[in-house]
Amino acid sequence: MGISKSKIKNIIIAGIVIALGLGVLVWYRYTETFGDTGKEKSAYTISAMDIIKEFKRNDTIANKKYAEKIVTVTGIVTALEFADTTVNIKMADSTGSYVIFAFQSQHLAEAKSIKQGDDVSIKGSCSGGAYSEILEAEFITFKRCALNK
């Protein structure tokens with residue numbers, strides 16, 4: 001006794017529906033656009049040194065608190081990394097642990113005007129942080145950043 005034709009038909013239809021559903025999710029994820037972070041409300045406002053301390057104390061708890069949230073971070077710029085289409089701004093402590101901000105395309109001109117040593121306020125979406133065994137330092141990354149005005 002084998003599987004009936006109606007059961008095979010139902011399995012094929014279910015497979016097609018699941019494949020289409022997954023296709024829609026993948027399409028949505030890769031075409032998702034984000035609003036201007038500069039216009040969004042921050043969930044938290046904190047100094048660069050304080051957020052670094054929180055992540056050093058317990059990055060699991062800090063990741064739960066900050067990851068994928070809009071956060072405003074204030075501090076002194078310790079390094080800038082320029083590329084053709086991006087600017088990364090770093091704020092580091094004396095141990096080498098740092099916060100790094102990748103700017104949105106519409107805010108690149110503002111970011112390029114910043115200089116090492118400037119005291120700035122940056123708003124961005126926290127991607128989270130981790131401890132690097134190689135660098136022996138904590139690092140916290142932010143995406144879709146804008147200067148906070």
# chains A, B, ... in the order shown; residues from 1 in each chain; ligands from 1
>>> residues_around(residues="stretch 54-57 of chain A", least_positions_apart="5", cutoff="9 Å", atoms="only C-alpha atoms", output="PDB file with C-alpha atoms, in the first residue's frame")
ATOM      1  CA  MET A  49      33.371  55.221  28.165  1.00  0.00           C
ATOM      2  CA  ALA A  62      24.851  44.618  27.595  1.00  0.00           C
ATOM      3  CA  ASN A  63      23.984  42.985  24.251  1.00  0.00           C
ATOM      4  CA  SER A  97      38.460  48.745  23.842  1.00  0.00           C
ATOM      5  CA  GLY A 129      29.624  44.010  21.205  1.00  0.00           C
ATOM      6  CA  ALA A 130      32.079  41.239  21.877  1.00  0.00           C
ATOM      7  CA  TYR A 131      35.470  40.616  23.398  1.00  0.00           C
ATOM      8  CA  ALA A 137      39.766  44.349  23.890  1.00  0.00           C
ATOM      9  CA  GLU A 138      36.011  44.817  23.859  1.00  0.00           C
ATOM     10  CA  PHE A 139      34.477  46.316  20.731  1.00  0.00           C
ATOM     11  CA  ILE A 140      30.944  47.626  20.186  1.00  0.00           C
TER      12      ILE A 140
END
>>> residues_around(residues="A:Cys126", least_positions_apart="2", cutoff="6 Å", atoms="only C-alpha atoms", output="tab-separated table (two decimals) with C-alpha atoms, in the first residue's frame")
chain	number	residue	atom	x	y	z
A	67	ALA	CA	21.50	45.33	20.51
A	68	GLU	CA	19.27	46.50	17.65
A	69	LYS	CA	18.24	49.62	19.57
A	128	GLY	CA	26.26	44.59	19.67
A	142	PHE	CA	27.00	50.70	15.48
>>> atom_distance(atom1="atom CA of A:Ala111", atom2="atom CA of A:Leu135")
26.0 Å
>>> closest_residue(among="A:Ser127, A:Thr85, A:Ser113, A:Ser132", to="A:Phe101", atoms="only C-alpha atoms")
A:Ser127
>>> select_by_dssp(residues="stretch 10-80 of chain A", states="strand (DSSP E)", output="MDAnalysis selection string")
chainID A and resid 44:47 70:76 79:80
>>> write_last_selection(atoms="all heavy atoms", output="mmCIF file, in the first residue's frame")
data_model
loop_
_atom_site.group_PDB
_atom_site.id
_atom_site.type_symbol
_atom_site.label_atom_id
_atom_site.label_comp_id
_atom_site.auth_asym_id
_atom_site.auth_seq_id
_atom_site.Cartn_x
_atom_site.Cartn_y
_atom_site.Cartn_z
ATOM 1 N N TYR A 44 18.417 54.924 24.429
ATOM 2 C CA TYR A 44 19.385 55.234 25.481
ATOM 3 C C TYR A 44 20.311 56.338 25.009
ATOM 4 O O TYR A 44 20.594 56.449 23.812
ATOM 5 C CB TYR A 44 20.260 54.015 25.819
ATOM 6 C CG TYR A 44 19.496 52.827 26.317
ATOM 7 C CD1 TYR A 44 19.142 51.794 25.455
ATOM 8 C CD2 TYR A 44 19.126 52.727 27.656
ATOM 9 C CE1 TYR A 44 18.426 50.699 25.908
ATOM 10 C CE2 TYR A 44 18.413 51.631 28.123
ATOM 11 C CZ TYR A 44 18.068 50.634 27.246
ATOM 12 O OH TYR A 44 17.364 49.550 27.696
ATOM 13 N N THR A 45 20.814 57.127 25.956
ATOM 14 C CA THR A 45 21.884 58.090 25.719
ATOM 15 C C THR A 45 22.954 57.787 26.759
ATOM 16 O O THR A 45 22.659 57.703 27.950
ATOM 17 C CB THR A 45 21.375 59.538 25.855
ATOM 18 O OG1 THR A 45 20.360 59.761 24.866
ATOM 19 C CG2 THR A 45 22.509 60.540 25.638
ATOM 20 N N ILE A 46 24.197 57.599 26.299
ATOM 21 C CA ILE A 46 25.271 57.157 27.189
ATOM 22 C C ILE A 46 26.608 57.649 26.643
ATOM 23 O O ILE A 46 26.752 57.869 25.437
ATOM 24 C CB ILE A 46 25.242 55.604 27.309
ATOM 25 C CG1 ILE A 46 26.180 55.110 28.394
ATOM 26 C CG2 ILE A 46 25.495 54.933 25.966
ATOM 27 C CD1 ILE A 46 25.976 53.646 28.773
ATOM 28 N N SER A 47 27.587 57.798 27.519
ATOM 29 C CA SER A 47 28.933 58.168 27.065
ATOM 30 C C SER A 47 29.631 56.921 26.511
ATOM 31 O O SER A 47 29.320 55.789 26.903
ATOM 32 C CB SER A 47 29.752 58.762 28.208
ATOM 33 O OG SER A 47 30.174 57.753 29.101
ATOM 34 N N ILE A 70 18.248 51.959 18.947
ATOM 35 C CA ILE A 70 18.862 53.235 18.608
ATOM 36 C C ILE A 70 19.436 53.814 19.894
ATOM 37 O O ILE A 70 18.748 53.964 20.899
ATOM 38 C CB ILE A 70 17.833 54.205 17.977
ATOM 39 C CG1 ILE A 70 17.209 53.594 16.716
ATOM 40 C CG2 ILE A 70 18.492 55.560 17.681
ATOM 41 C CD1 ILE A 70 18.164 53.301 15.587
ATOM 42 N N VAL A 71 20.744 54.125 19.853
ATOM 43 C CA VAL A 71 21.453 54.617 21.029
ATOM 44 C C VAL A 71 22.248 55.854 20.629
ATOM 45 O O VAL A 71 22.871 55.888 19.571
ATOM 46 C CB VAL A 71 22.413 53.536 21.587
ATOM 47 C CG1 VAL A 71 23.163 54.040 22.808
ATOM 48 C CG2 VAL A 71 21.666 52.243 21.898
ATOM 49 N N THR A 72 22.211 56.873 21.482
ATOM 50 C CA THR A 72 23.051 58.056 21.292
ATOM 51 C C THR A 72 24.268 57.911 22.186
ATOM 52 O O THR A 72 24.132 57.670 23.390
ATOM 53 C CB THR A 72 22.281 59.338 21.642
ATOM 54 O OG1 THR A 72 21.147 59.446 20.773
ATOM 55 C CG2 THR A 72 23.151 60.573 21.474
ATOM 56 N N VAL A 73 25.453 58.028 21.591
ATOM 57 C CA VAL A 73 26.712 57.873 22.321
ATOM 58 C C VAL A 73 27.512 59.168 22.187
ATOM 59 O O VAL A 73 27.662 59.696 21.082
ATOM 60 C CB VAL A 73 27.533 56.682 21.769
ATOM 61 C CG1 VAL A 73 28.841 56.526 22.530
ATOM 62 C CG2 VAL A 73 26.720 55.394 21.828
ATOM 63 N N THR A 74 28.005 59.665 23.323
ATOM 64 C CA THR A 74 28.816 60.885 23.318
ATOM 65 C C THR A 74 30.237 60.544 23.708
ATOM 66 O O THR A 74 30.468 59.625 24.494
ATOM 67 C CB THR A 74 28.248 61.923 24.307
ATOM 68 O OG1 THR A 74 28.219 61.332 25.610
ATOM 69 C CG2 THR A 74 26.848 62.356 23.913
ATOM 70 N N GLY A 75 31.181 61.277 23.127
ATOM 71 C CA GLY A 75 32.566 61.029 23.485
ATOM 72 C C GLY A 75 33.538 61.715 22.555
ATOM 73 O O GLY A 75 33.145 62.438 21.633
ATOM 74 N N ILE A 76 34.811 61.461 22.796
ATOM 75 C CA ILE A 76 35.905 62.042 22.025
ATOM 76 C C ILE A 76 36.320 61.064 20.920
ATOM 77 O O ILE A 76 36.547 59.883 21.178
ATOM 78 C CB ILE A 76 37.136 62.320 22.928
ATOM 79 C CG1 ILE A 76 36.755 63.173 24.138
ATOM 80 C CG2 ILE A 76 38.276 62.947 22.122
ATOM 81 C CD1 ILE A 76 36.331 64.571 23.841
ATOM 82 N N ALA A 79 39.795 57.941 16.498
ATOM 83 C CA ALA A 79 40.294 57.510 15.186
ATOM 84 C C ALA A 79 39.184 57.638 14.146
ATOM 85 O O ALA A 79 37.998 57.532 14.476
ATOM 86 C CB ALA A 79 40.796 56.075 15.237
ATOM 87 N N LEU A 80 39.588 57.864 12.904
ATOM 88 C CA LEU A 80 38.666 57.909 11.769
ATOM 89 C C LEU A 80 39.201 56.999 10.674
ATOM 90 O O LEU A 80 40.413 56.938 10.455
ATOM 91 C CB LEU A 80 38.559 59.340 11.217
ATOM 92 C CG LEU A 80 37.972 60.339 12.194
ATOM 93 C CD1 LEU A 80 39.016 61.345 12.579
ATOM 94 C CD2 LEU A 80 36.784 61.005 11.590
#
>>> closest_residue(among="A:Thr78, A:Gln106, A:Ser125, A:Ser6", to="A:Asp93", atoms="only C-alpha atoms")
A:Thr78
>>> residues_around(residues="A:Val77", least_positions_apart="3", cutoff="7 Å", atoms="only C-alpha atoms", output="PDB file with N, CA and C atoms, in the first residue's frame")
ATOM      1  N   ILE A  89      33.932  55.975  12.526  1.00  0.00           N
ATOM      2  CA  ILE A  89      34.475  56.807  13.596  1.00  0.00           C
ATOM      3  C   ILE A  89      34.598  55.945  14.843  1.00  0.00           C
ATOM      4  N   LYS A  90      35.758  56.063  15.518  1.00  0.00           N
ATOM      5  CA  LYS A  90      36.034  55.262  16.706  1.00  0.00           C
ATOM      6  C   LYS A  90      36.169  56.153  17.932  1.00  0.00           C
ATOM      7  N   MET A  91      35.691  55.607  19.058  1.00  0.00           N
ATOM      8  CA  MET A  91      35.935  56.188  20.380  1.00  0.00           C
ATOM      9  C   MET A  91      36.499  55.054  21.226  1.00  0.00           C
ATOM     10  N   GLN A 116      39.795  63.915  14.521  1.00  0.00           N
ATOM     11  CA  GLN A 116      40.261  63.238  15.728  1.00  0.00           C
ATOM     12  C   GLN A 116      40.355  64.271  16.843  1.00  0.00           C
ATOM     13  N   GLY A 117      39.848  63.912  18.030  1.00  0.00           N
ATOM     14  CA  GLY A 117      39.858  64.817  19.167  1.00  0.00           C
ATOM     15  C   GLY A 117      38.556  65.584  19.350  1.00  0.00           C
ATOM     16  N   ASP A 118      37.674  65.569  18.338  1.00  0.00           N
ATOM     17  CA  ASP A 118      36.381  66.249  18.452  1.00  0.00           C
ATOM     18  C   ASP A 118      35.503  65.548  19.483  1.00  0.00           C
ATOM     19  N   ASP A 119      34.758  66.334  20.232  1.00  0.00           N
ATOM     20  CA  ASP A 119      33.771  65.819  21.182  1.00  0.00           C
ATOM     21  C   ASP A 119      32.440  65.797  20.436  1.00  0.00           C
TER      22      ASP A 119
END
>>> atom_distance(atom1="atom CA of A:Lys65", atom2="atom CA of A:Ser105")
26.7 Å
>>> atom_distance(atom1="atom CA of A:Lys123", atom2="atom CA of A:Phe103")
9.5 Å
>>> closest_residue(among="A:Leu25, A:Ile52, A:Gly96, A:Ile11", to="A:Ile134", atoms="only C-alpha atoms")
A:Gly96
>>> select_by_dssp(residues="chain A", states="alpha helix (DSSP H)", output="VMD selection string")
chain A and resid 5 to 31 48 to 57 59 to 66 108 to 112
